[in-house]
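Shown next: upload.tsv, given as TSV, C-alpha atoms.
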chain	number	residue	atom	x	y	z
G	1	ALA	CA	10.76	-55.45	28.46
G	2	GLN	CA	10.42	-58.19	31.02
G	3	LYS	CA	11.09	-61.81	30.30
G	4	VAL	CA	11.11	-65.08	32.23
G	5	THR	CA	12.85	-68.15	30.86
G	6	GLN	CA	12.29	-71.65	32.10
G	7	ALA	CA	14.61	-73.62	29.90
G	8	GLN	CA	13.44	-77.03	31.11
G	9	THR	CA	10.24	-77.86	29.30
G	10	GLU	CA	9.83	-81.28	30.88
G	11	ILE	CA	11.56	-83.11	33.71
G	12	SER	CA	10.95	-86.69	34.73
G	13	VAL	CA	12.28	-88.12	37.99
G	14	VAL	CA	11.72	-91.13	40.17
G	15	GLU	CA	10.11	-90.66	43.54
G	16	LYS	CA	12.46	-89.57	46.33
G	17	GLU	CA	14.88	-87.94	43.95
G	18	ASP	CA	15.70	-84.27	44.37
G	19	VAL	CA	14.86	-82.02	41.45
G	20	THR	CA	15.68	-78.40	40.64
G	21	LEU	CA	13.59	-76.25	38.36
G	22	ASP	CA	15.45	-73.37	36.78
G	23	CYS	CA	14.16	-69.84	36.28
G	24	VAL	CA	16.05	-66.94	34.73
G	25	TYR	CA	14.51	-63.50	34.44
G	26	GLU	CA	15.23	-60.23	32.69
G	27	THR	CA	14.20	-56.77	33.78
G	28	ARG	CA	15.68	-53.31	33.99
G	29	ASP	CA	13.62	-52.48	37.05
G	30	THR	CA	15.41	-52.51	40.37
G	31	THR	CA	12.24	-53.22	42.31
G	32	TYR	CA	10.36	-56.34	41.39
G	33	TYR	CA	8.89	-59.52	42.81
G	34	LEU	CA	9.41	-63.09	41.76
G	35	PHE	CA	6.85	-65.85	42.19
G	36	TRP	CA	6.52	-69.57	41.76
G	37	TYR	CA	3.18	-71.19	40.99
G	38	LYS	CA	2.19	-74.82	40.69
G	39	GLN	CA	-0.45	-75.94	38.19
G	40	PRO	CA	-1.76	-79.44	38.95
G	41	PRO	CA	-3.88	-81.33	36.40
G	42	SER	CA	-7.01	-79.71	37.82
G	43	GLY	CA	-5.93	-76.47	36.15
G	44	GLU	CA	-5.73	-73.75	38.75
G	45	LEU	CA	-2.40	-72.14	39.47
G	46	VAL	CA	-1.46	-72.40	43.13
G	47	PHE	CA	0.79	-69.77	44.67
G	48	LEU	CA	3.95	-71.20	46.25
G	49	ILE	CA	6.28	-68.34	47.08
G	50	ARG	CA	6.99	-64.65	46.60
G	51	ARG	CA	10.39	-62.98	46.83
G	52	ASN	CA	11.22	-59.31	46.44
G	53	SER	CA	14.28	-58.04	44.62
G	54	PHE	CA	15.93	-56.75	47.79
G	55	ASP	CA	15.75	-60.00	49.68
G	56	GLU	CA	18.26	-62.56	48.50
G	57	GLN	CA	17.84	-64.88	51.43
G	58	ASN	CA	17.09	-68.39	50.39
G	59	GLU	CA	13.94	-69.92	51.72
G	60	ILE	CA	12.97	-73.39	52.77
G	61	SER	CA	9.45	-74.62	53.30
G	62	GLY	CA	9.26	-78.29	54.05
G	63	ARG	CA	10.55	-80.17	51.01
G	64	TYR	CA	10.62	-76.98	48.94
G	65	SER	CA	13.49	-74.54	48.77
G	66	TRP	CA	14.24	-71.53	46.64
G	67	ASN	CA	17.57	-70.04	45.64
G	68	PHE	CA	17.50	-66.40	44.55
G	69	GLN	CA	20.72	-65.20	42.91
G	70	LYS	CA	20.47	-61.61	41.77
G	71	SER	CA	23.94	-61.74	40.21
G	72	THR	CA	22.76	-64.35	37.72
G	73	SER	CA	19.11	-63.21	37.61
G	74	SER	CA	17.97	-66.62	38.66
G	75	PHE	CA	15.31	-67.87	41.04
G	76	ASN	CA	15.57	-71.64	41.12
G	77	PHE	CA	13.22	-74.02	42.89
G	78	THR	CA	14.29	-77.31	44.42
G	79	ILE	CA	12.02	-80.11	45.57
G	80	THR	CA	13.73	-82.52	47.93
G	81	ALA	CA	12.63	-86.15	48.11
G	82	SER	CA	10.07	-85.68	45.37
G	83	GLN	CA	6.69	-87.36	45.58
G	84	VAL	CA	4.15	-88.38	42.94
G	85	VAL	CA	1.85	-85.57	44.14
G	86	ASP	CA	4.51	-83.07	43.07
G	87	SER	CA	3.73	-83.89	39.45
G	88	ALA	CA	2.48	-80.66	37.90
G	89	VAL	CA	3.49	-77.75	35.72
G	90	TYR	CA	5.52	-75.19	37.61
G	91	PHE	CA	5.61	-71.56	36.56
G	92	CYS	CA	8.06	-68.88	37.52
G	93	ALA	CA	6.77	-65.31	37.23
G	94	LEU	CA	8.11	-61.78	37.47
G	95	ASN	CA	6.07	-58.80	38.64
G	96	VAL	CA	7.22	-55.27	37.82
G	97	LYS	CA	5.61	-51.89	38.18
G	98	GLU	CA	3.58	-50.52	35.32
G	99	THR	CA	1.73	-47.23	35.01
G	100	SER	CA	-1.53	-49.07	35.57
G	101	GLY	CA	-0.27	-50.98	38.61
G	102	SER	CA	1.90	-53.99	38.00
G	103	ARG	CA	2.38	-56.64	35.37
G	104	LEU	CA	2.99	-60.32	36.02
G	105	THR	CA	5.08	-62.03	33.34
G	106	PHE	CA	5.16	-65.82	33.34
G	107	GLY	CA	7.69	-68.25	32.01
G	108	GLU	CA	6.57	-71.09	29.77
G	109	GLY	CA	6.46	-73.53	32.63
G	110	THR	CA	8.21	-76.79	33.44
G	111	GLN	CA	6.23	-80.01	33.38
G	112	LEU	CA	7.47	-82.15	36.25
G	113	THR	CA	6.58	-85.81	36.31
G	114	VAL	CA	7.44	-87.83	39.39
G	115	ASN	CA	7.22	-91.55	38.77
G	116	PRO	CA	6.65	-94.08	41.54
B	1	GLU	CA	-17.82	-71.26	48.83
B	2	THR	CA	-14.30	-69.84	48.71
B	3	GLY	CA	-11.63	-69.09	46.14
B	4	VAL	CA	-12.05	-68.35	42.46
B	5	THR	CA	-14.71	-70.26	40.55
B	6	GLN	CA	-14.98	-70.43	36.78
B	7	THR	CA	-17.85	-71.73	34.71
B	8	PRO	CA	-18.15	-73.59	32.51
B	9	ARG	CA	-15.13	-75.85	32.93
B	10	HIS	CA	-15.33	-76.96	29.31
B	11	LEU	CA	-16.85	-75.25	26.29
B	12	VAL	CA	-17.04	-76.22	22.65
B	13	MET	CA	-18.32	-73.56	20.32
B	14	GLY	CA	-18.59	-72.93	16.63
B	15	MET	CA	-17.01	-69.94	14.99
B	16	THR	CA	-20.35	-68.20	14.61
B	17	ASN	CA	-21.52	-68.76	18.19
B	18	LYS	CA	-21.69	-66.29	21.04
B	19	LYS	CA	-20.86	-67.52	24.50
B	20	SER	CA	-19.68	-66.13	27.82
B	21	LEU	CA	-17.21	-67.32	30.41
B	22	LYS	CA	-17.95	-66.51	34.02
B	23	CYS	CA	-15.62	-65.97	36.93
B	24	GLU	CA	-16.56	-65.40	40.54
B	25	GLN	CA	-14.32	-64.73	43.51
B	26	HIS	CA	-15.27	-64.88	47.17
B	27	LEU	CA	-12.01	-63.55	48.54
B	28	GLY	CA	-12.92	-59.89	48.84
B	29	HIS	CA	-10.32	-58.98	46.25
B	30	ASN	CA	-10.33	-55.76	44.30
B	31	ALA	CA	-8.54	-56.84	41.13
B	32	MET	CA	-9.49	-59.49	38.60
B	33	TYR	CA	-7.73	-60.81	35.54
B	34	TRP	CA	-8.24	-62.90	32.43
B	35	TYR	CA	-5.34	-64.99	31.15
B	36	LYS	CA	-5.07	-67.19	28.09
B	37	GLN	CA	-3.00	-70.36	28.33
B	38	SER	CA	-2.11	-72.02	25.05
B	39	ALA	CA	0.04	-75.10	24.66
B	40	LYS	CA	3.78	-74.44	24.70
B	41	LYS	CA	3.32	-70.73	25.37
B	42	PRO	CA	3.56	-68.59	28.50
B	43	LEU	CA	0.37	-67.40	30.10
B	44	GLU	CA	-0.85	-64.33	28.26
B	45	LEU	CA	-2.48	-61.56	30.23
B	46	MET	CA	-5.61	-60.41	28.42
B	47	PHE	CA	-7.45	-58.02	30.70
B	48	VAL	CA	-7.04	-56.47	34.14
B	49	TYR	CA	-9.77	-54.89	36.22
B	50	SER	CA	-9.17	-52.92	39.37
B	51	LEU	CA	-12.15	-51.77	41.39
B	52	GLU	CA	-14.36	-52.71	38.44
B	53	GLU	CA	-12.46	-50.48	36.04
B	54	ARG	CA	-10.49	-51.93	33.19
B	55	VAL	CA	-6.86	-50.90	33.63
B	56	GLU	CA	-5.20	-52.99	30.98
B	57	ASN	CA	-6.11	-54.43	27.61
B	58	ASN	CA	-3.20	-56.12	25.94
B	59	SER	CA	-4.13	-55.74	22.30
B	60	VAL	CA	-6.71	-58.47	22.56
B	61	PRO	CA	-8.93	-58.90	19.49
B	62	SER	CA	-12.36	-57.37	19.80
B	63	ARG	CA	-13.99	-60.79	19.51
B	64	PHE	CA	-13.12	-61.04	23.21
B	65	SER	CA	-15.13	-58.61	25.32
B	66	PRO	CA	-14.71	-58.45	29.10
B	67	GLU	CA	-17.25	-57.25	31.60
B	68	CYS	CA	-16.85	-56.60	35.30
B	69	PRO	CA	-20.22	-55.71	36.83
B	70	ASN	CA	-18.89	-55.76	40.39
B	71	SER	CA	-15.71	-56.65	42.23
B	72	SER	CA	-16.75	-60.28	42.66
B	73	HIS	CA	-17.67	-61.13	39.08
B	74	LEU	CA	-15.87	-61.07	35.80
B	75	PHE	CA	-17.13	-62.19	32.42
B	76	LEU	CA	-15.49	-62.81	29.08
B	77	HIS	CA	-17.92	-62.56	26.20
B	78	LEU	CA	-16.92	-64.46	23.10
B	79	HIS	CA	-18.16	-64.05	19.53
B	80	THR	CA	-16.97	-65.14	16.09
B	81	LEU	CA	-13.92	-66.86	17.48
B	82	GLN	CA	-11.25	-68.59	15.44
B	83	PRO	CA	-9.84	-72.09	15.95
B	84	GLU	CA	-6.57	-70.58	17.20
B	85	ASP	CA	-8.53	-69.12	20.11
B	86	SER	CA	-8.85	-72.63	21.51
B	87	ALA	CA	-7.04	-72.58	24.86
B	88	LEU	CA	-7.45	-72.69	28.61
B	89	TYR	CA	-8.83	-69.39	29.86
B	90	LEU	CA	-7.88	-68.65	33.42
B	91	CYS	CA	-9.42	-66.09	35.70
B	92	ALA	CA	-7.50	-64.74	38.67
B	93	SER	CA	-7.99	-62.24	41.44
B	94	SER	CA	-5.74	-60.39	43.85
B	95	GLN	CA	-6.22	-58.03	46.73
B	96	TRP	CA	-4.79	-55.13	44.72
B	97	ILE	CA	-2.71	-54.78	41.58
B	98	ASN	CA	0.44	-54.23	43.63
B	99	LEU	CA	3.87	-55.65	42.99
B	100	ASN	CA	3.85	-57.96	45.94
B	101	THR	CA	0.34	-59.28	45.72
B	102	GLU	CA	-0.08	-62.87	44.73
B	103	ALA	CA	-2.90	-63.85	42.44
B	104	PHE	CA	-5.40	-66.59	43.12
B	105	PHE	CA	-6.50	-68.56	40.10
B	106	GLY	CA	-9.58	-70.44	39.08
B	107	GLN	CA	-9.44	-73.87	37.46
B	108	GLY	CA	-10.01	-72.39	34.03
B	109	THR	CA	-12.38	-72.93	31.15
B	110	ARG	CA	-11.08	-75.25	28.45
B	111	LEU	CA	-12.36	-73.67	25.24
B	112	THR	CA	-12.42	-75.47	21.92
B	113	VAL	CA	-13.45	-73.56	18.81
B	114	VAL	CA	-14.59	-75.76	15.94

Could I get this file's structure written as structure tokens?
Amino acid sequence: AQKVTQAQTEISVVEKEDVTLDCVYETRDTTYYLFWYKQPPSGELVFLIRRNSFDEQNEISGRYSWNFQKSTSSFNFTITASQVVDSAVYFCALNVKETSGSRLTFGEGTQLTVNP
Amino acid sequence: ETGVTQTPRHLVMGMTNKKSLKCEQHLGHNAMYWYKQSAKKPLELMFVYSLEERVENNSVPSRFSPECPNSSHLFLHLHTLQPEDSALYLCASSQWINLNTEAFFGQGTRLTVV
């Protein structure tokens, strides 16, 4: 069975601080994809990044960076110099192959609040 | 109009009512999904449609009935719901149901069952 754990339920920081959101996953599959989504107050989940299980290169996109460590089954997300607009719920997700296609399993999400 | 659109955004219904949630995508995607998001719980996948055929039904109670008349529209018909069914219902679409395909989500319908 697949599982995604986001141990941090809520994080509160002050603007300009760096913040790291943790994600730990479990799967027996060797081929899988990991995702991060952002859910602002408006409700829709917004895709941020995708990483496949064979690519452990870290990625940076502006103030966002992701650290994929297969040895610890973690895919952590860091926001540098956080801004108020970063306030949202962030979800980590794992996609593995199923007989009917694929199955996306989400973590419980981390509520990030960035205070001015 | 682009993206994934859900209507209504908010719905209050009694336990004996029948209502439907609508989802429309203008992305040319071939797969559509219904998710349930309850407080303090991970998103729960309810139904998956690929090329208008249902490919997954995760033991969802029969009081939830999906319908996919074409690749752009997805409905969730509701009847005799329970208060614990109150949640945010999210629709999503993706190009295919492949491993590497990201899903695009609508803003959800906030459902309250009274």

How close does each residue of chain G get to chain B, giving the shortest atom pair and distance in Å to one decimal for every residue with an atom at most 12 Å away, counting all atoms listed in the file, sorted by chain and residue number, as JSON lines?
{"residue": "G:Lys3", "atom": "CA", "partner": "B:Pro42", "partner_atom": "CA", "distance": 10.3}
{"residue": "G:Val4", "atom": "CA", "partner": "B:Pro42", "partner_atom": "CA", "distance": 9.1}
{"residue": "G:Thr5", "atom": "CA", "partner": "B:Pro42", "partner_atom": "CA", "distance": 9.6}
{"residue": "G:Gln6", "atom": "CA", "partner": "B:Pro42", "partner_atom": "CA", "distance": 9.9}
{"residue": "G:Gln8", "atom": "CA", "partner": "B:Lys40", "partner_atom": "CA", "distance": 11.9}
{"residue": "G:Thr9", "atom": "CA", "partner": "B:Lys40", "partner_atom": "CA", "distance": 8.6}
{"residue": "G:Glu10", "atom": "CA", "partner": "B:Lys40", "partner_atom": "CA", "distance": 11.0}
{"residue": "G:Asp29", "atom": "CA", "partner": "B:Leu99", "partner_atom": "CA", "distance": 11.8}
{"residue": "G:Thr31", "atom": "CA", "partner": "B:Leu99", "partner_atom": "CA", "distance": 8.7}
{"residue": "G:Tyr32", "atom": "CA", "partner": "B:Leu99", "partner_atom": "CA", "distance": 6.7}
{"residue": "G:Tyr33", "atom": "CA", "partner": "B:Asn100", "partner_atom": "CA", "distance": 6.1}
{"residue": "G:Leu34", "atom": "CA", "partner": "B:Asn100", "partner_atom": "CA", "distance": 8.6}
{"residue": "G:Phe35", "atom": "CA", "partner": "B:Glu102", "partner_atom": "CA", "distance": 8.0}
{"residue": "G:Trp36", "atom": "CA", "partner": "B:Glu102", "partner_atom": "CA", "distance": 9.9}
{"residue": "G:Tyr37", "atom": "CA", "partner": "B:Ala103", "partner_atom": "CA", "distance": 9.6}
{"residue": "G:Lys38", "atom": "CA", "partner": "B:Phe105", "partner_atom": "CA", "distance": 10.7}
{"residue": "G:Gln39", "atom": "CA", "partner": "B:Gln107", "partner_atom": "CA", "distance": 9.3}
{"residue": "G:Pro40", "atom": "CA", "partner": "B:Gln107", "partner_atom": "CA", "distance": 9.6}
{"residue": "G:Pro41", "atom": "CA", "partner": "B:Gln107", "partner_atom": "CA", "distance": 9.4}
{"residue": "G:Ser42", "atom": "CA", "partner": "B:Gln107", "partner_atom": "CA", "distance": 6.3}
{"residue": "G:Gly43", "atom": "CA", "partner": "B:Gln107", "partner_atom": "CA", "distance": 4.6}
{"residue": "G:Glu44", "atom": "CA", "partner": "B:Gln107", "partner_atom": "CA", "distance": 3.9}
{"residue": "G:Leu45", "atom": "CA", "partner": "B:Phe105", "partner_atom": "CA", "distance": 5.5}
{"residue": "G:Val46", "atom": "CA", "partner": "B:Phe104", "partner_atom": "CA", "distance": 7.0}
{"residue": "G:Phe47", "atom": "CA", "partner": "B:Glu102", "partner_atom": "CA", "distance": 7.0}
{"residue": "G:Leu48", "atom": "CA", "partner": "B:Glu102", "partner_atom": "CA", "distance": 9.4}
{"residue": "G:Ile49", "atom": "CA", "partner": "B:Glu102", "partner_atom": "CA", "distance": 8.7}
{"residue": "G:Arg50", "atom": "CA", "partner": "B:Asn100", "partner_atom": "CA", "distance": 7.4}
{"residue": "G:Arg51", "atom": "CA", "partner": "B:Asn100", "partner_atom": "CA", "distance": 8.3}
{"residue": "G:Asn52", "atom": "CA", "partner": "B:Asn100", "partner_atom": "CA", "distance": 7.5}
{"residue": "G:Ser53", "atom": "CA", "partner": "B:Asn100", "partner_atom": "CA", "distance": 10.5}
{"residue": "G:Val89", "atom": "CA", "partner": "B:Lys40", "partner_atom": "CA", "distance": 11.5}
{"residue": "G:Tyr90", "atom": "CA", "partner": "B:Pro42", "partner_atom": "CA", "distance": 11.4}
{"residue": "G:Phe91", "atom": "CA", "partner": "B:Pro42", "partner_atom": "CA", "distance": 8.8}
{"residue": "G:Cys92", "atom": "CA", "partner": "B:Pro42", "partner_atom": "CA", "distance": 10.1}
{"residue": "G:Ala93", "atom": "CA", "partner": "B:Leu43", "partner_atom": "CA", "distance": 9.8}
{"residue": "G:Leu94", "atom": "CA", "partner": "B:Leu99", "partner_atom": "CA", "distance": 9.3}
{"residue": "G:Asn95", "atom": "CA", "partner": "B:Leu99", "partner_atom": "CA", "distance": 5.8}
{"residue": "G:Val96", "atom": "CA", "partner": "B:Leu99", "partner_atom": "CA", "distance": 6.2}
{"residue": "G:Lys97", "atom": "CA", "partner": "B:Leu99", "partner_atom": "CA", "distance": 6.3}
{"residue": "G:Glu98", "atom": "CA", "partner": "B:Leu99", "partner_atom": "CA", "distance": 9.2}
{"residue": "G:Thr99", "atom": "CA", "partner": "B:Val55", "partner_atom": "CA", "distance": 9.4}
{"residue": "G:Ser100", "atom": "CA", "partner": "B:Val55", "partner_atom": "CA", "distance": 6.0}
{"residue": "G:Gly101", "atom": "CA", "partner": "B:Ile97", "partner_atom": "CA", "distance": 5.4}
{"residue": "G:Ser102", "atom": "CA", "partner": "B:Leu99", "partner_atom": "CA", "distance": 5.6}
{"residue": "G:Arg103", "atom": "CA", "partner": "B:Leu99", "partner_atom": "CA", "distance": 7.8}
{"residue": "G:Leu104", "atom": "CA", "partner": "B:Leu45", "partner_atom": "CA", "distance": 8.1}
{"residue": "G:Thr105", "atom": "CA", "partner": "B:Leu43", "partner_atom": "CA", "distance": 7.8}
{"residue": "G:Phe106", "atom": "CA", "partner": "B:Pro42", "partner_atom": "CA", "distance": 5.8}
{"residue": "G:Gly107", "atom": "CA", "partner": "B:Pro42", "partner_atom": "CA", "distance": 5.4}
{"residue": "G:Glu108", "atom": "CA", "partner": "B:Pro42", "partner_atom": "CA", "distance": 4.1}
{"residue": "G:Gly109", "atom": "CA", "partner": "B:Pro42", "partner_atom": "CA", "distance": 7.1}
{"residue": "G:Thr110", "atom": "CA", "partner": "B:Lys40", "partner_atom": "CA", "distance": 10.1}
{"residue": "G:Gln111", "atom": "CA", "partner": "B:Lys40", "partner_atom": "CA", "distance": 10.6}

Residue neighbourhood Glu59 (chain G), 12 Å, all atoms listed in the file, exclusion window fewer than 4 positions, as an MDAnalysis selection string: chainID G and resid 48:51 55 63:68 75:78

Please put the answer as JSON: centre and edge lengths, in Å with one decimal, of a box along x, y and z that encloses all listed atoms of region 58-70 of chain G plus 4 Å on each side.
{"center_x": 15.0, "center_y": -70.9, "center_z": 47.9, "size_x": 19.5, "size_y": 26.6, "size_z": 20.3}

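Separating CA of Pro83 (chain B) from CA of Val114 (chain B) is a distance of 6.0 Å.
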
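The nearest approach to Leu27 (chain B) among the residues B:Thr112, B:Ser59, B:Ser71, B:Thr80, with all atoms listed in the file taken into account, belongs to B:Ser71.
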
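Separating CA of Leu78 (chain B) from CA of Pro66 (chain B) is a distance of 8.8 Å.
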
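The space between CA of Cys23 (chain G) and CA of Ala88 (chain G) spans 16.0 Å.
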
How would region 15-26 of chain G look with all heavy atoms restored, written as a compact mmCIF listing (two decimals), in the coordinates of the input?
# COMPACT_ATOMS: atom_id res chain seq x y z
N GLU G 15 10.44 -91.08 42.18
CA GLU G 15 10.11 -90.66 43.54
C GLU G 15 11.33 -90.71 44.45
O GLU G 15 12.16 -91.60 44.36
CB GLU G 15 9.02 -91.59 44.09
CG GLU G 15 8.08 -90.93 45.07
CD GLU G 15 6.88 -91.80 45.40
OE1 GLU G 15 6.90 -92.99 45.06
OE2 GLU G 15 5.94 -91.26 45.99
N LYS G 16 11.40 -89.73 45.33
CA LYS G 16 12.46 -89.57 46.33
C LYS G 16 13.71 -88.88 45.78
O LYS G 16 14.61 -88.55 46.57
CB LYS G 16 12.84 -90.88 47.01
CG LYS G 16 11.68 -91.50 47.80
CD LYS G 16 12.09 -92.75 48.56
CE LYS G 16 10.88 -93.36 49.26
NZ LYS G 16 11.22 -94.65 49.92
N GLU G 17 13.77 -88.70 44.49
CA GLU G 17 14.88 -87.94 43.95
C GLU G 17 14.68 -86.46 44.23
O GLU G 17 13.54 -85.98 44.34
CB GLU G 17 14.96 -88.13 42.42
CG GLU G 17 15.57 -89.42 41.97
CD GLU G 17 15.72 -89.45 40.45
OE1 GLU G 17 15.84 -88.38 39.83
OE2 GLU G 17 15.72 -90.56 39.90
N ASP G 18 15.78 -85.72 44.30
CA ASP G 18 15.70 -84.27 44.37
C ASP G 18 15.66 -83.72 42.95
O ASP G 18 16.26 -84.28 42.03
CB ASP G 18 16.93 -83.70 45.09
CG ASP G 18 17.05 -84.18 46.53
OD1 ASP G 18 16.06 -84.75 47.05
OD2 ASP G 18 18.12 -83.99 47.13
N VAL G 19 14.95 -82.61 42.78
CA VAL G 19 14.86 -82.02 41.45
C VAL G 19 14.89 -80.50 41.57
O VAL G 19 14.29 -79.94 42.49
CB VAL G 19 13.59 -82.50 40.72
CG1 VAL G 19 12.32 -82.18 41.50
CG2 VAL G 19 13.51 -81.95 39.30
N THR G 20 15.59 -79.86 40.66
CA THR G 20 15.68 -78.40 40.64
C THR G 20 15.10 -77.85 39.35
O THR G 20 15.48 -78.30 38.26
CB THR G 20 17.14 -77.93 40.80
OG1 THR G 20 17.62 -78.31 42.08
CG2 THR G 20 17.23 -76.41 40.68
N LEU G 21 14.20 -76.92 39.50
CA LEU G 21 13.59 -76.25 38.36
C LEU G 21 14.24 -74.88 38.21
O LEU G 21 14.27 -74.09 39.16
CB LEU G 21 12.07 -76.10 38.58
CG LEU G 21 11.32 -77.36 39.01
CD1 LEU G 21 9.84 -77.07 39.17
CD2 LEU G 21 11.55 -78.50 38.03
N ASP G 22 14.71 -74.60 37.01
CA ASP G 22 15.45 -73.37 36.78
C ASP G 22 14.54 -72.23 36.31
O ASP G 22 13.57 -72.45 35.59
CB ASP G 22 16.54 -73.59 35.71
CG ASP G 22 17.58 -74.61 36.16
OD1 ASP G 22 17.79 -74.74 37.38
OD2 ASP G 22 18.18 -75.26 35.28
N CYS G 23 14.90 -71.03 36.72
CA CYS G 23 14.16 -69.84 36.28
C CYS G 23 15.17 -68.70 36.14
O CYS G 23 15.91 -68.39 37.09
CB CYS G 23 13.09 -69.46 37.29
SG CYS G 23 12.28 -67.87 36.95
N VAL G 24 15.19 -68.10 34.98
CA VAL G 24 16.05 -66.94 34.73
C VAL G 24 15.16 -65.80 34.26
O VAL G 24 14.26 -66.01 33.45
CB VAL G 24 17.11 -67.26 33.65
CG1 VAL G 24 17.90 -66.01 33.30
CG2 VAL G 24 18.05 -68.36 34.15
N TYR G 25 15.39 -64.62 34.79
CA TYR G 25 14.51 -63.50 34.44
C TYR G 25 15.32 -62.32 33.91
O TYR G 25 16.52 -62.24 34.13
CB TYR G 25 13.69 -63.08 35.67
CG TYR G 25 14.52 -62.58 36.81
CD1 TYR G 25 14.80 -61.23 36.97
CD2 TYR G 25 15.06 -63.48 37.74
CE1 TYR G 25 15.60 -60.78 38.02
CE2 TYR G 25 15.84 -63.04 38.78
CZ TYR G 25 16.10 -61.70 38.93
OH TYR G 25 16.89 -61.25 39.96
N GLU G 26 14.62 -61.45 33.22
CA GLU G 26 15.23 -60.23 32.69
C GLU G 26 14.33 -59.05 33.00
O GLU G 26 13.13 -59.08 32.71
CB GLU G 26 15.39 -60.32 31.15
CG GLU G 26 16.34 -61.40 30.67
CD GLU G 26 16.34 -61.50 29.16
OE1 GLU G 26 16.14 -60.46 28.50
OE2 GLU G 26 16.53 -62.61 28.63
